Amino acid sequence: MTLIDGKAVADQIKQEIAEEVAAIRAAGGKIPHLAAILVGHDGGSETYVAHKVKACEQCGFKSTLIRHENDITEDELLAEVERLNNDPDIDGFIVQLPLPKHISEQRIIEAIDYRKDVDGFHPINVGRMSIGLPCFVSATPAGIMELLRRYDIDTKGKHCVVLGRSNIVGKPVATLMMQKSEPGNATVTVCHSASKNLKEMCRQADIIIAALGQPDFVTADMVKEGAVIIDVGTTRVPDASKKSGFRLNGDVAFAEVSPKCSYITPVPGGVGPMTIVSLMRNTLLAGKKAIYK
Ligand code: GUN
């Protein structure tokens, strides 16, 4: 069994990006600039955004964090998005989700200029991805594909079972895995809460990508000998032994599943670090105007 070290791969990619930014700087070019809008004080969102700002520093990017209180109106947030759309110094920006209930996330996402949508959530980027055109691919699916690429994992013709159909992970990673490219070119089955025979489906899988948000959902009896397991779950589970009072738990029962696998991602330290680095890569591409002029 090979443990897929997402942290090490992410560190390596950050190093590669930093070297490219140093070259841009030396040539007098524009330093990529990422902005993040954070509404409210959700613990998870605060942590994620702090990690994104730190990653920007490590890559040599400029970053701007814009905070708003929970009572910001949808119109005010739309005006903030418009301001960033029109700010020539900002190459890309994200609006951290979730947003308060009185704000439509979809309206906000659709208001972002797709050329600055480094999260890859805008329907134009999602649509372009689905037909294989250059676009910003959302960070978690892009990170999973990069891990498969860097570990040289053979996906062609394999049966890949994706657990979960979210717009952020399940749907886009299923799309990428079926695309005629390497990695990709797999036979993809998407399972979700209404799926029948889910266990049988998993047992037939050469590759399982678990993105349900249900701790320890995938157990050893669901996994074929030699399968590749990508665990996207990051649920906060109370844990008195931790200083924070919680630990991050994956969707896979790691202790019992890992002995059966050829490759497996741990939680934490697997897909998570790759998600942030994929956002950095998109920001670099935005800064270089490599996808859209
Ligand atoms: N909330 C959880 N994941 C993400 C992400 O990748 N981007 C944004 N904007 N919000 C999130």
# chains A, B, ... in the order shown; residues from 1 in each chain; ligands from 1
>>> residues_near_ligand(ligand="ligand 1", cutoff="12 Å", atoms="only C-alpha atoms and all ligand atoms", output="number ranges by chain")
A: 35-39, 42-49, 51-52, 92-99, 105-106, 108-109, 112, 117-122, 137-143, 166-169, 232-235, 271-280, 282
>>> closest_atom_pairs(of="range 173-225 of chain A", to="range 150-156 of chain A", cutoff="7 Å", atoms="only C-alpha atoms", output="Markdown table")
| residue | atom | partner | partner_atom | distance |
| --- | --- | --- | --- | --- |
| A:Pro183 | CA | A:Thr155 | CA | 5.9 |
| A:Gly184 | CA | A:Thr155 | CA | 5.8 |
| A:Asn185 | CA | A:Lys156 | CA | 4.7 |
| A:Ala186 | CA | A:Lys156 | CA | 5.1 |
>>> select_by_dssp(residues="range 11-220 of chain A", states="strand (DSSP E)", output="number ranges by chain")
A: 33-39, 62-68, 92-95, 159-163, 187-191, 207-210
>>> residues_around(residues="Ile209 in chain A", least_positions_apart="3", cutoff="12 Å", atoms="only C-alpha atoms", output="JSON list (two decimals) with C-alpha atoms, in the first residue's frame")
[["chain", "number", "residue", "atom", "x", "y", "z"],
["A", 140, "THR", "CA", -10.61, 20.02, -5.09],
["A", 141, "PRO", "CA", -11.24, 18.11, -8.35],
["A", 144, "ILE", "CA", -7.33, 15.06, -7.03],
["A", 145, "MET", "CA", -6.38, 14.86, -10.72],
["A", 148, "LEU", "CA", -3.30, 10.87, -9.68],
["A", 159, "HIS", "CA", -13.95, 1.62, -13.05],
["A", 160, "CYS", "CA", -14.09, 4.74, -10.89],
["A", 161, "VAL", "CA", -16.90, 5.06, -8.35],
["A", 162, "VAL", "CA", -17.53, 8.62, -7.14],
["A", 163, "LEU", "CA", -19.48, 8.84, -3.87],
["A", 164, "GLY", "CA", -21.32, 12.17, -3.73],
["A", 165, "ARG", "CA", -22.77, 14.51, -6.36],
["A", 169, "VAL", "CA", -16.53, 17.90, -5.87],
["A", 170, "GLY", "CA", -18.67, 14.93, -6.96],
["A", 171, "LYS", "CA", -19.98, 16.24, -10.28],
["A", 172, "PRO", "CA", -16.77, 17.92, -11.52],
["A", 173, "VAL", "CA", -14.46, 15.06, -10.50],
["A", 174, "ALA", "CA", -16.77, 12.57, -12.25],
["A", 177, "MET", "CA", -12.40, 11.20, -14.63],
["A", 188, "VAL", "CA", -17.35, 6.43, -14.03],
["A", 189, "THR", "CA", -20.27, 5.59, -11.76],
["A", 190, "VAL", "CA", -21.66, 8.33, -9.52],
["A", 191, "CYS", "CA", -23.38, 7.14, -6.33],
["A", 192, "HIS", "CA", -25.34, 9.31, -3.92],
["A", 202, "CYS", "CA", -18.00, 0.11, -4.53],
["A", 205, "ALA", "CA", -14.46, -0.18, -8.19],
["A", 206, "ASP", "CA", -10.80, 0.05, -9.17],
["A", 212, "LEU", "CA", -19.96, 12.43, 0.95],
["A", 213, "GLY", "CA", -19.00, 14.16, 4.19],
["A", 217, "PHE", "CA", -18.62, 5.66, 5.53],
["A", 218, "VAL", "CA", -16.38, 3.46, 3.35],
["A", 223, "VAL", "CA", -13.33, -2.19, -1.05],
["A", 227, "ALA", "CA", -8.23, -0.48, -5.12],
["A", 228, "VAL", "CA", -7.13, 3.17, -5.21],
["A", 229, "ILE", "CA", -8.90, 5.23, -2.54],
["A", 230, "ILE", "CA", -9.20, 9.03, -2.67],
["A", 231, "ASP", "CA", -10.79, 10.40, 0.52],
["A", 232, "VAL", "CA", -12.21, 13.91, 0.18],
["A", 233, "GLY", "CA", -14.09, 13.90, 3.51],
["A", 250, "GLY", "CA", -12.39, 11.34, 6.38],
["A", 251, "ASP", "CA", -15.19, 9.45, 4.63],
["A", 252, "VAL", "CA", -13.04, 6.29, 4.70],
["A", 263, "TYR", "CA", -2.95, 3.68, -2.94],
["A", 264, "ILE", "CA", -4.85, 5.73, -0.37],
["A", 265, "THR", "CA", -4.99, 9.40, 0.68],
["A", 271, "VAL", "CA", -6.58, 15.91, -0.74]]
>>> closest_residue(among="A:Ala194, A:Val81, A:Ser181, A:Arg25", to="Arg149 in chain A", atoms="only C-alpha atoms")
A:Ser181
>>> closest_residue(among="A:Gln15, A:Ser104, A:Thr73, A:Asn86", to="Cys56 in chain A", atoms="only C-alpha atoms")
A:Gln15
>>> select_by_dssp(residues="range 44-281 of chain A", states="alpha helix (DSSP H)", output="VMD selection string")
chain A and resid 44 to 59 74 to 85 105 to 111 123 to 130 139 to 150 170 to 178 198 to 203 254 to 257 271 to 281
>>> closest_residue(among="A:Pro238, A:Pro134, A:Gly28, A:Gly270", to="Val9 in chain A", atoms="only C-alpha atoms")
A:Gly270
>>> atom_distance(atom1="CA of Asp221 in chain A", atom2="CA of Lys260 in chain A")
9.9 Å
>>> residues_around(residues="Ala111 in chain A", least_positions_apart="4", cutoff="8 Å", atoms="only C-alpha atoms", output="PyMOL selection string")
chain A and resi 78+81-82+107
>>> atom_distance(atom1="CA of Asn249 in chain A", atom2="CA of Arg236 in chain A")
6.3 Å
>>> residues_around(residues="Asn85 in chain A", least_positions_apart="5", cutoff="8 Å", atoms="only C-alpha atoms", output="count of residues only")
4
>>> decode(residues="range 49-104 of chain A", atoms="C-alpha atoms", output="short mmCIF file (atom, residue, chain, number, x, y, z; two decimals), in the first residue's frame")
data_model
loop_
_atom_site.label_atom_id
_atom_site.label_comp_id
_atom_site.auth_asym_id
_atom_site.auth_seq_id
_atom_site.Cartn_x
_atom_site.Cartn_y
_atom_site.Cartn_z
CA VAL A 49 -9.19 31.50 4.32
CA ALA A 50 -6.20 31.81 6.67
CA HIS A 51 -4.61 28.83 4.89
CA LYS A 52 -5.27 30.45 1.51
CA VAL A 53 -3.66 33.75 2.59
CA LYS A 54 -0.63 31.87 3.96
CA ALA A 55 -0.30 29.86 0.73
CA CYS A 56 -0.32 33.15 -1.22
CA GLU A 57 2.64 34.34 0.87
CA GLN A 58 4.49 31.07 0.24
CA CYS A 59 3.94 31.42 -3.51
CA GLY A 60 5.01 35.07 -3.57
CA PHE A 61 1.54 36.35 -4.53
CA LYS A 62 -0.18 39.47 -3.33
CA SER A 63 -3.32 38.72 -1.34
CA THR A 64 -6.16 40.85 -0.01
CA LEU A 65 -8.65 39.62 2.59
CA ILE A 66 -11.95 41.51 2.64
CA ARG A 67 -14.12 40.88 5.69
CA HIS A 68 -17.81 41.60 6.09
CA GLU A 69 -20.17 40.97 8.96
CA ASN A 70 -23.04 38.48 8.70
CA ASP A 71 -25.59 41.26 8.27
CA ILE A 72 -24.23 42.41 4.90
CA THR A 73 -27.08 42.48 2.36
CA GLU A 74 -27.03 40.57 -0.90
CA ASP A 75 -26.96 43.86 -2.83
CA GLU A 76 -23.99 45.11 -0.81
CA LEU A 77 -22.13 41.86 -1.46
CA LEU A 78 -23.01 42.03 -5.17
CA ALA A 79 -21.56 45.57 -5.22
CA GLU A 80 -18.35 44.27 -3.59
CA VAL A 81 -18.10 41.54 -6.24
CA GLU A 82 -18.59 44.15 -8.95
CA ARG A 83 -15.85 46.29 -7.45
CA LEU A 84 -13.41 43.37 -7.58
CA ASN A 85 -14.54 42.47 -11.13
CA ASN A 86 -13.49 46.00 -12.17
CA ASP A 87 -10.28 46.30 -10.13
CA PRO A 88 -7.42 45.80 -12.63
CA ASP A 89 -4.94 44.89 -9.89
CA ILE A 90 -7.00 41.87 -8.74
CA ASP A 91 -6.30 38.89 -11.02
CA GLY A 92 -8.67 36.49 -9.31
CA PHE A 93 -10.92 36.35 -6.27
CA ILE A 94 -13.07 34.01 -4.26
CA VAL A 95 -16.12 34.46 -2.08
CA GLN A 96 -15.73 31.95 0.74
CA LEU A 97 -18.77 29.66 1.14
CA PRO A 98 -21.08 29.09 2.91
CA LEU A 99 -22.76 32.48 2.94
CA PRO A 100 -25.49 33.55 5.39
CA LYS A 101 -28.94 32.19 4.55
CA HIS A 102 -30.31 35.54 3.37
CA ILE A 103 -27.78 35.66 0.52
CA SER A 104 -28.15 33.52 -2.61
#
